[in-house]
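One structure is given here, and the rest of the page talks about it.
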Amino acid sequence: MSKLKRVLAIHDLSCVGKCSLTEALPVISSAGIECSVLPTSILSTHTGGFKGYTFLDLTKEMSKIVEHFKSLNLDVDCFYTGYLGSIDQIDLIINIIKKLRKDNSLVFVDPVMADNGKMYPAFDINFAKAMVNLAKISDCLVPNLTEACFLLGIDYIGEKKYSLEDVKDIAIKLSNLGPKYVVISGLEIYENRLGLLSYDKENNKFDYIDNKKEEGYFHGTGDLLASSILSCLLNGLTLEKACKTSIKFVYNSVLSTIENKTDLKYGVDFEHNILNFVKDILESKNE
(Lines give C-alpha, C1' and ligand atoms only; values in the text may rest on other atoms or scores of the structure.)
Protein backbone atom coordinates (compact mmCIF):
# COMPACT_ATOMS: atom_id res chain seq x y z
CA MET A 1 0.00 0.00 0.00
CA SER A 2 1.35 3.42 -0.97
CA LYS A 3 2.09 6.17 1.56
CA LEU A 4 -0.95 8.23 2.53
CA LYS A 5 -0.77 11.70 1.01
CA ARG A 6 -1.76 14.77 3.02
CA VAL A 7 -3.68 17.79 1.76
CA LEU A 8 -3.87 20.98 3.81
CA ALA A 9 -7.22 22.51 2.88
CA ILE A 10 -7.27 26.26 3.58
CA HIS A 11 -10.96 27.19 3.36
CA ASP A 12 -13.82 28.59 5.37
CA LEU A 13 -16.10 26.33 7.36
CA SER A 14 -19.85 26.75 6.97
CA CYS A 15 -21.64 24.81 9.68
CA VAL A 16 -24.70 24.32 7.46
CA GLY A 17 -24.75 24.33 3.66
CA LYS A 18 -22.43 22.14 1.59
CA CYS A 19 -19.43 24.08 0.31
CA SER A 20 -15.75 24.66 1.07
CA LEU A 21 -14.56 22.38 3.90
CA THR A 22 -17.82 20.44 4.22
CA GLU A 23 -17.22 19.24 0.65
CA ALA A 24 -13.43 19.15 0.59
CA LEU A 25 -13.14 16.91 3.66
CA PRO A 26 -15.45 14.06 2.55
CA VAL A 27 -14.44 14.13 -1.12
CA ILE A 28 -10.69 14.18 -0.58
CA SER A 29 -10.85 11.62 2.24
CA SER A 30 -13.04 9.26 0.19
CA ALA A 31 -10.36 9.33 -2.52
CA GLY A 32 -7.82 7.87 -0.12
CA ILE A 33 -6.08 11.11 0.84
CA GLU A 34 -5.66 12.60 4.31
CA CYS A 35 -7.33 16.00 4.51
CA SER A 36 -5.98 18.30 7.22
CA VAL A 37 -7.56 21.73 7.53
CA LEU A 38 -6.68 25.35 8.21
CA PRO A 39 -10.01 27.19 8.59
CA THR A 40 -9.99 30.81 7.38
CA SER A 41 -13.34 31.63 8.99
CA ILE A 42 -16.40 29.98 10.54
CA LEU A 43 -19.91 30.77 9.37
CA SER A 44 -23.22 29.45 10.67
CA THR A 45 -24.24 28.93 7.02
CA HIS A 46 -22.68 29.84 3.71
CA THR A 47 -23.62 33.22 2.26
CA GLY A 48 -25.68 32.08 -0.72
CA GLY A 49 -29.42 32.07 -0.10
CA PHE A 50 -29.25 32.35 3.68
CA LYS A 51 -29.89 35.48 5.74
CA GLY A 52 -28.70 36.41 9.22
CA TYR A 53 -25.67 34.12 9.14
CA THR A 54 -22.80 34.57 11.59
CA PHE A 55 -19.17 35.09 10.56
CA LEU A 56 -16.01 34.66 12.61
CA ASP A 57 -12.70 35.76 11.05
CA LEU A 58 -9.89 33.38 12.04
CA THR A 59 -6.96 35.38 10.62
CA LYS A 60 -5.22 35.81 13.99
CA GLU A 61 -5.77 32.18 14.95
CA MET A 62 -4.38 30.88 11.64
CA SER A 63 -0.84 32.02 12.43
CA LYS A 64 -0.96 30.25 15.81
CA ILE A 65 -2.21 27.04 14.19
CA VAL A 66 0.59 27.11 11.62
CA GLU A 67 3.24 27.64 14.29
CA HIS A 68 2.04 24.43 15.91
CA PHE A 69 2.08 22.70 12.51
CA LYS A 70 5.73 23.74 12.08
CA SER A 71 6.64 22.14 15.41
CA LEU A 72 5.16 18.87 14.15
CA ASN A 73 7.29 18.95 10.99
CA LEU A 74 4.22 18.09 8.95
CA ASP A 75 4.79 16.61 5.51
CA VAL A 76 2.25 18.40 3.30
CA ASP A 77 1.84 16.97 -0.21
CA CYS A 78 -0.66 19.59 -1.35
CA PHE A 79 -1.86 23.02 -0.27
CA TYR A 80 -5.46 23.62 -1.37
CA THR A 81 -6.81 27.14 -1.02
CA GLY A 82 -10.42 28.21 -1.49
CA TYR A 83 -12.65 30.89 0.02
CA LEU A 84 -10.62 33.31 2.11
CA GLY A 85 -12.07 35.46 4.86
CA SER A 86 -10.32 38.72 3.94
CA ILE A 87 -7.72 40.29 1.66
CA ASP A 88 -5.22 40.20 4.55
CA GLN A 89 -5.32 36.41 4.49
CA ILE A 90 -3.81 36.23 1.00
CA ASP A 91 -0.31 37.34 2.02
CA LEU A 92 -0.64 35.31 5.21
CA ILE A 93 -1.38 32.15 3.23
CA ILE A 94 1.42 32.80 0.75
CA ASN A 95 3.83 32.98 3.70
CA ILE A 96 2.32 29.85 5.24
CA ILE A 97 2.85 27.92 2.02
CA LYS A 98 6.43 29.14 1.75
CA LYS A 99 7.12 28.03 5.33
CA LEU A 100 5.63 24.54 5.01
CA ARG A 101 6.15 23.73 1.33
CA LYS A 102 8.44 20.87 0.35
CA ASP A 103 10.15 20.57 -3.04
CA ASN A 104 7.44 18.28 -4.40
CA SER A 105 4.40 19.89 -2.73
CA LEU A 106 1.51 20.79 -5.05
CA VAL A 107 -0.14 24.20 -4.65
CA PHE A 108 -3.75 24.03 -5.83
CA VAL A 109 -5.56 27.38 -5.89
CA ASP A 110 -9.28 27.91 -6.30
CA PRO A 111 -9.52 31.74 -6.35
CA VAL A 112 -13.05 31.92 -4.95
CA MET A 113 -14.22 35.51 -5.23
CA ALA A 114 -16.75 36.04 -8.05
CA ASP A 115 -19.31 34.57 -10.43
CA ASN A 116 -21.61 35.68 -13.23
CA GLY A 117 -19.53 38.78 -13.89
CA LYS A 118 -19.65 40.13 -10.32
CA MET A 119 -17.51 39.96 -7.21
CA TYR A 120 -19.03 38.24 -4.19
CA PRO A 121 -20.36 40.74 -1.60
CA ALA A 122 -17.34 40.53 0.72
CA PHE A 123 -14.78 41.30 -2.02
CA ASP A 124 -13.76 44.05 -4.43
CA ILE A 125 -11.35 44.42 -7.33
CA ASN A 126 -8.45 44.98 -4.91
CA PHE A 127 -9.02 41.45 -3.65
CA ALA A 128 -8.66 40.16 -7.22
CA LYS A 129 -5.40 42.07 -7.65
CA ALA A 130 -4.03 40.57 -4.44
CA MET A 131 -5.21 37.09 -5.46
CA VAL A 132 -2.86 37.29 -8.46
CA ASN A 133 0.06 36.87 -6.03
CA LEU A 134 -1.38 33.56 -4.84
CA ALA A 135 -2.01 32.46 -8.42
CA LYS A 136 1.65 33.11 -9.22
CA ILE A 137 2.87 30.45 -6.76
CA SER A 138 0.22 27.88 -7.76
CA ASP A 139 0.82 24.69 -9.71
CA CYS A 140 -2.85 24.29 -10.58
CA LEU A 141 -5.27 27.22 -10.86
CA VAL A 142 -9.02 26.53 -11.13
CA PRO A 143 -11.06 29.75 -11.57
CA ASN A 144 -14.51 30.08 -13.07
CA LEU A 145 -14.76 32.36 -16.10
CA THR A 146 -15.51 35.48 -14.03
CA GLU A 147 -12.56 34.88 -11.71
CA ALA A 148 -10.29 34.18 -14.68
CA CYS A 149 -11.14 37.55 -16.22
CA PHE A 150 -10.73 39.42 -12.93
CA LEU A 151 -7.33 37.80 -12.30
CA LEU A 152 -6.15 39.09 -15.67
CA GLY A 153 -7.70 42.52 -15.15
CA ILE A 154 -9.82 42.25 -18.29
CA ASP A 155 -13.52 42.83 -18.90
CA TYR A 156 -15.78 39.86 -18.21
CA ILE A 157 -16.45 38.19 -21.56
CA GLY A 158 -19.54 36.29 -20.47
CA GLU A 159 -21.91 39.15 -21.27
CA LYS A 160 -21.43 38.55 -25.00
CA LYS A 161 -20.92 35.61 -27.32
CA TYR A 162 -17.46 34.13 -26.88
CA SER A 163 -15.63 31.19 -28.43
CA LEU A 164 -13.49 28.31 -27.25
CA GLU A 165 -10.51 30.12 -28.75
CA ASP A 166 -11.26 33.14 -26.55
CA VAL A 167 -11.12 30.94 -23.45
CA LYS A 168 -7.95 29.20 -24.63
CA ASP A 169 -6.30 32.61 -24.87
CA ILE A 170 -7.35 33.38 -21.29
CA ALA A 171 -6.01 30.01 -20.09
CA ILE A 172 -2.62 30.69 -21.70
CA LYS A 173 -2.42 34.14 -20.10
CA LEU A 174 -3.29 32.67 -16.70
CA SER A 175 -0.61 29.99 -17.11
CA ASN A 176 1.90 32.75 -17.79
CA LEU A 177 1.34 33.89 -14.20
CA GLY A 178 2.93 30.64 -13.00
CA PRO A 179 0.67 27.55 -12.87
CA LYS A 180 1.39 24.59 -15.13
CA TYR A 181 -2.28 23.52 -15.03
CA VAL A 182 -5.26 25.84 -15.58
CA VAL A 183 -8.92 24.79 -15.45
CA ILE A 184 -11.59 27.36 -16.30
CA SER A 185 -15.15 26.36 -15.40
CA GLY A 186 -18.60 27.87 -15.85
CA LEU A 187 -18.29 28.08 -19.64
CA GLU A 188 -21.43 28.59 -21.75
CA ILE A 189 -19.87 28.49 -25.18
CA TYR A 190 -22.59 26.33 -26.69
CA GLU A 191 -26.32 26.80 -26.19
CA ASN A 192 -27.78 24.96 -23.19
CA ARG A 193 -24.37 23.47 -22.35
CA LEU A 194 -22.14 24.14 -19.33
CA GLY A 195 -18.51 23.12 -19.48
CA LEU A 196 -14.87 23.60 -18.59
CA LEU A 197 -11.57 23.97 -20.39
CA SER A 198 -8.32 22.54 -19.05
CA TYR A 199 -4.85 23.54 -20.17
CA ASP A 200 -1.67 21.59 -19.52
CA LYS A 201 1.12 24.11 -20.17
CA GLU A 202 3.96 21.57 -20.10
CA ASN A 203 2.37 19.54 -22.89
CA ASN A 204 0.59 22.49 -24.54
CA LYS A 205 -2.63 20.46 -24.38
CA PHE A 206 -6.19 21.76 -24.20
CA ASP A 207 -9.29 19.70 -23.38
CA TYR A 208 -12.90 20.84 -23.32
CA ILE A 209 -15.81 18.95 -21.79
CA ASP A 210 -19.41 19.93 -21.10
CA ASN A 211 -22.82 18.67 -20.04
CA LYS A 212 -26.39 19.82 -20.46
CA LYS A 213 -27.05 22.97 -18.46
CA GLU A 214 -29.69 22.33 -15.81
CA GLU A 215 -31.99 25.12 -14.65
CA GLY A 216 -31.26 26.62 -11.25
CA TYR A 217 -28.30 27.91 -9.23
CA PHE A 218 -26.54 25.02 -7.52
CA HIS A 219 -24.50 26.21 -4.55
CA GLY A 220 -21.14 24.59 -3.87
CA THR A 221 -20.60 23.04 -7.29
CA GLY A 222 -17.39 25.02 -7.82
CA ASP A 223 -15.94 23.76 -4.52
CA LEU A 224 -17.07 20.23 -5.35
CA LEU A 225 -15.45 20.39 -8.78
CA ALA A 226 -12.16 21.72 -7.41
CA SER A 227 -12.00 19.14 -4.61
CA SER A 228 -12.72 16.37 -7.09
CA ILE A 229 -10.05 17.49 -9.59
CA LEU A 230 -7.51 17.71 -6.79
CA SER A 231 -8.42 14.23 -5.56
CA CYS A 232 -7.98 12.80 -9.05
CA LEU A 233 -4.63 14.49 -9.63
CA LEU A 234 -3.23 13.21 -6.33
CA ASN A 235 -4.33 9.73 -7.37
CA GLY A 236 -2.14 10.01 -10.46
CA LEU A 237 -4.77 10.80 -13.08
CA THR A 238 -3.86 13.10 -15.95
CA LEU A 239 -5.42 16.56 -15.98
CA GLU A 240 -7.75 15.50 -18.79
CA LYS A 241 -8.99 12.41 -16.93
CA ALA A 242 -9.24 14.34 -13.67
CA CYS A 243 -11.54 16.91 -15.28
CA LYS A 244 -13.70 14.31 -17.05
CA THR A 245 -14.09 12.24 -13.88
CA SER A 246 -14.86 15.32 -11.78
CA ILE A 247 -17.37 16.98 -14.08
CA LYS A 248 -19.24 13.67 -14.27
CA PHE A 249 -19.38 13.55 -10.46
CA VAL A 250 -20.62 17.14 -10.20
CA TYR A 251 -23.23 16.71 -12.93
CA ASN A 252 -24.60 13.51 -11.40
CA SER A 253 -24.77 15.31 -8.04
CA VAL A 254 -26.82 18.08 -9.66
CA LEU A 255 -29.16 15.51 -11.20
CA SER A 256 -29.63 13.81 -7.81
CA THR A 257 -30.45 17.19 -6.28
CA ILE A 258 -33.11 17.82 -8.90
CA GLU A 259 -34.52 14.32 -8.58
CA ASN A 260 -34.71 14.51 -4.78
CA LYS A 261 -36.15 18.05 -4.86
CA THR A 262 -33.50 19.20 -2.37
CA ASP A 263 -33.60 22.84 -1.28
CA LEU A 264 -30.86 24.25 -3.53
CA LYS A 265 -29.39 26.62 -0.97
CA TYR A 266 -28.22 23.65 1.11
CA GLY A 267 -25.98 22.39 -1.71
CA VAL A 268 -25.97 19.44 -4.08
CA ASP A 269 -26.50 15.78 -3.19
CA PHE A 270 -22.93 14.66 -3.79
CA GLU A 271 -23.23 12.05 -1.03
CA HIS A 272 -25.39 9.86 -3.28
CA ASN A 273 -22.68 9.87 -5.96
CA ILE A 274 -19.41 9.78 -4.05
CA LEU A 275 -19.07 5.99 -4.24
CA ASN A 276 -19.27 6.02 -8.04
CA PHE A 277 -16.76 8.89 -8.09
CA VAL A 278 -14.25 6.77 -6.17
CA LYS A 279 -14.93 3.81 -8.49
CA ASP A 280 -14.24 6.02 -11.50
CA ILE A 281 -10.91 7.09 -9.99
CA LEU A 282 -9.90 3.48 -9.39
CA GLU A 283 -10.89 2.45 -12.92
CA SER A 284 -8.86 5.29 -14.41
CA LYS A 285 -5.84 4.36 -12.30
CA ASN A 286 -6.04 0.77 -13.53
CA GLU A 287 -6.35 1.63 -17.22
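Chain labels run A, B, ... following the order of the C-alpha coordinates; each chain numbers its residues from 1, and ligands are numbered from 1 in the order shown.
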Can you pull out every residue within 12 Å of Ala9 (chain A), counting only C-alpha atoms, but drop anything in the same chain fewer than 3 positions away, and send it as a PyMOL selection string?
-> chain A and resi 6+12-13+20-29+33-40+76-84+93+97+106-110+223+226-227+230-231
Residues from the last selection, N, CA and C atoms, saved as a short mmCIF file (atom, residue, chain, number, x, y, z; two decimals), in the first residue's frame:
data_model
loop_
_atom_site.label_atom_id
_atom_site.label_comp_id
_atom_site.auth_asym_id
_atom_site.auth_seq_id
_atom_site.Cartn_x
_atom_site.Cartn_y
_atom_site.Cartn_z
N ARG A 6 -1.06 13.81 2.16
CA ARG A 6 -1.76 14.77 3.02
C ARG A 6 -2.02 16.07 2.27
N ASP A 12 -12.90 28.27 4.28
CA ASP A 12 -13.82 28.59 5.37
C ASP A 12 -14.62 27.36 5.75
N LEU A 13 -15.24 27.41 6.90
CA LEU A 13 -16.10 26.33 7.36
C LEU A 13 -17.50 26.87 7.59
N SER A 20 -17.05 24.53 0.43
CA SER A 20 -15.75 24.66 1.07
C SER A 20 -15.36 23.40 1.85
N LEU A 21 -15.08 23.52 3.15
CA LEU A 21 -14.56 22.38 3.90
C LEU A 21 -15.55 21.23 4.04
N THR A 22 -16.86 21.54 4.06
CA THR A 22 -17.82 20.44 4.22
C THR A 22 -17.95 19.61 2.95
N GLU A 23 -17.34 20.07 1.85
CA GLU A 23 -17.22 19.24 0.65
C GLU A 23 -15.80 18.71 0.50
N ALA A 24 -14.82 19.57 0.76
CA ALA A 24 -13.43 19.15 0.59
C ALA A 24 -13.08 17.95 1.46
N LEU A 25 -13.48 17.99 2.73
CA LEU A 25 -13.14 16.91 3.66
C LEU A 25 -13.66 15.54 3.20
N PRO A 26 -14.97 15.39 2.95
CA PRO A 26 -15.45 14.06 2.55
C PRO A 26 -14.95 13.61 1.18
N VAL A 27 -14.85 14.52 0.23
CA VAL A 27 -14.44 14.13 -1.12
C VAL A 27 -12.98 13.70 -1.14
N ILE A 28 -12.11 14.50 -0.58
CA ILE A 28 -10.69 14.18 -0.58
C ILE A 28 -10.41 12.92 0.24
N SER A 29 -11.05 12.80 1.39
CA SER A 29 -10.85 11.62 2.24
C SER A 29 -11.35 10.34 1.55
N ILE A 33 -7.06 10.07 0.55
CA ILE A 33 -6.08 11.11 0.84
C ILE A 33 -6.42 11.73 2.19
N GLU A 34 -5.42 11.94 3.03
CA GLU A 34 -5.66 12.60 4.31
C GLU A 34 -5.92 14.08 4.08
N CYS A 35 -6.99 14.60 4.68
CA CYS A 35 -7.33 16.00 4.51
C CYS A 35 -7.23 16.71 5.86
N SER A 36 -6.13 17.43 6.06
CA SER A 36 -5.98 18.30 7.22
C SER A 36 -6.55 19.66 6.84
N VAL A 37 -6.89 20.47 7.84
CA VAL A 37 -7.56 21.73 7.53
C VAL A 37 -6.94 22.90 8.25
N LEU A 38 -7.04 24.07 7.60
CA LEU A 38 -6.68 25.35 8.21
C LEU A 38 -7.85 26.28 7.92
N PRO A 39 -8.82 26.38 8.84
CA PRO A 39 -10.01 27.19 8.59
C PRO A 39 -9.68 28.68 8.51
N THR A 40 -10.21 29.36 7.52
CA THR A 40 -9.99 30.81 7.38
C THR A 40 -11.06 31.61 8.11
N VAL A 76 3.44 18.01 4.05
CA VAL A 76 2.25 18.40 3.30
C VAL A 76 2.49 18.16 1.81
N ASP A 77 1.69 17.28 1.22
CA ASP A 77 1.84 16.97 -0.21
C ASP A 77 1.12 17.97 -1.10
N CYS A 78 0.11 18.64 -0.54
CA CYS A 78 -0.66 19.59 -1.35
C CYS A 78 -1.29 20.66 -0.47
N PHE A 79 -1.17 21.90 -0.90
CA PHE A 79 -1.86 23.02 -0.27
C PHE A 79 -3.05 23.38 -1.17
N TYR A 80 -4.23 23.40 -0.59
CA TYR A 80 -5.46 23.62 -1.37
C TYR A 80 -6.19 24.82 -0.79
N THR A 81 -6.17 25.93 -1.52
CA THR A 81 -6.81 27.14 -1.02
C THR A 81 -8.14 27.39 -1.72
N GLY A 82 -9.11 27.89 -0.94
CA GLY A 82 -10.42 28.21 -1.49
C GLY A 82 -10.88 29.57 -1.00
N TYR A 83 -12.08 29.63 -0.45
CA TYR A 83 -12.65 30.89 0.02
C TYR A 83 -11.84 31.43 1.19
N LEU A 84 -11.40 32.67 1.05
CA LEU A 84 -10.62 33.31 2.11
C LEU A 84 -11.46 34.39 2.78
N ILE A 93 -1.38 33.51 3.76
CA ILE A 93 -1.38 32.15 3.23
C ILE A 93 -0.17 31.92 2.32
N ILE A 97 2.43 28.90 3.02
CA ILE A 97 2.85 27.92 2.02
C ILE A 97 4.36 27.90 1.88
N LEU A 106 2.38 20.19 -4.05
CA LEU A 106 1.51 20.79 -5.05
C LEU A 106 0.73 21.94 -4.42
N VAL A 107 0.67 23.07 -5.12
CA VAL A 107 -0.14 24.20 -4.65
C VAL A 107 -1.33 24.33 -5.60
N PHE A 108 -2.51 24.09 -5.06
CA PHE A 108 -3.75 24.03 -5.83
C PHE A 108 -4.63 25.19 -5.38
N VAL A 109 -4.87 26.14 -6.27
CA VAL A 109 -5.56 27.38 -5.89
C VAL A 109 -6.90 27.50 -6.60
N ASP A 110 -7.95 27.57 -5.80
CA ASP A 110 -9.28 27.91 -6.30
C ASP A 110 -9.55 29.35 -5.85
N ASP A 223 -16.77 24.40 -5.54
CA ASP A 223 -15.94 23.76 -4.52
C ASP A 223 -15.88 22.25 -4.74
N ALA A 226 -13.57 21.54 -7.75
CA ALA A 226 -12.16 21.72 -7.41
C ALA A 226 -11.64 20.59 -6.52
N SER A 227 -12.42 20.22 -5.51
CA SER A 227 -12.00 19.14 -4.61
C SER A 227 -11.87 17.82 -5.35
N LEU A 230 -8.68 17.90 -7.65
CA LEU A 230 -7.51 17.71 -6.79
C LEU A 230 -7.36 16.25 -6.38
N SER A 231 -8.45 15.63 -5.98
CA SER A 231 -8.42 14.23 -5.56
C SER A 231 -7.94 13.32 -6.69
#
Find the residues around Leu174 (chain A) up to 9 Å (only C-alpha atoms counted), leave out those fewer than 6 positions away in its own chain, and share them as a PyMOL selection string.
-> chain A and resi 135-136+141+148+151-152+182
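Residue nearest Lys279 (chain A) within the list A:Thr245, A:Leu225, A:Leu164, A:His219: A:Thr245 [criterion: smallest interatomic distance, only C-alpha atoms].
With only C-alpha atoms taken into account, the protein and nucleic acid residues at most 8 Å from Lys213 (chain A) (excluding it and anything under 3 positions from it in its own chain) are Asn192, Arg193 and Leu194 of chain A.
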Could you save the residues just selected, with N, CA, C and O atoms, as a short mmCIF file (atom, residue, chain, number, x, y, z; two decimals), in the first residue's frame?
data_model
loop_
_atom_site.label_atom_id
_atom_site.label_comp_id
_atom_site.auth_asym_id
_atom_site.auth_seq_id
_atom_site.Cartn_x
_atom_site.Cartn_y
_atom_site.Cartn_z
N ASN A 192 -27.26 25.96 -24.14
CA ASN A 192 -27.78 24.96 -23.19
C ASN A 192 -26.74 23.94 -22.75
O ASN A 192 -27.08 22.82 -22.36
N ARG A 193 -25.46 24.32 -22.82
CA ARG A 193 -24.37 23.47 -22.35
C ARG A 193 -23.52 24.24 -21.34
O ARG A 193 -23.34 25.45 -21.46
N LEU A 194 -23.01 23.53 -20.34
CA LEU A 194 -22.14 24.14 -19.33
C LEU A 194 -20.89 23.29 -19.24
O LEU A 194 -20.97 22.08 -19.04
#
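Between CA of Asn203 (chain A) and CA of Ile172 (chain A) the separation is 12.3 Å.
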Could you give me, as a PyMOL selection string, the residues within 12 Å of Glu191 (chain A), counting only C-alpha atoms and dropping anything in the same chain fewer than 3 positions from it?
-> chain A and resi 161-163+187-188+194-195+210-214
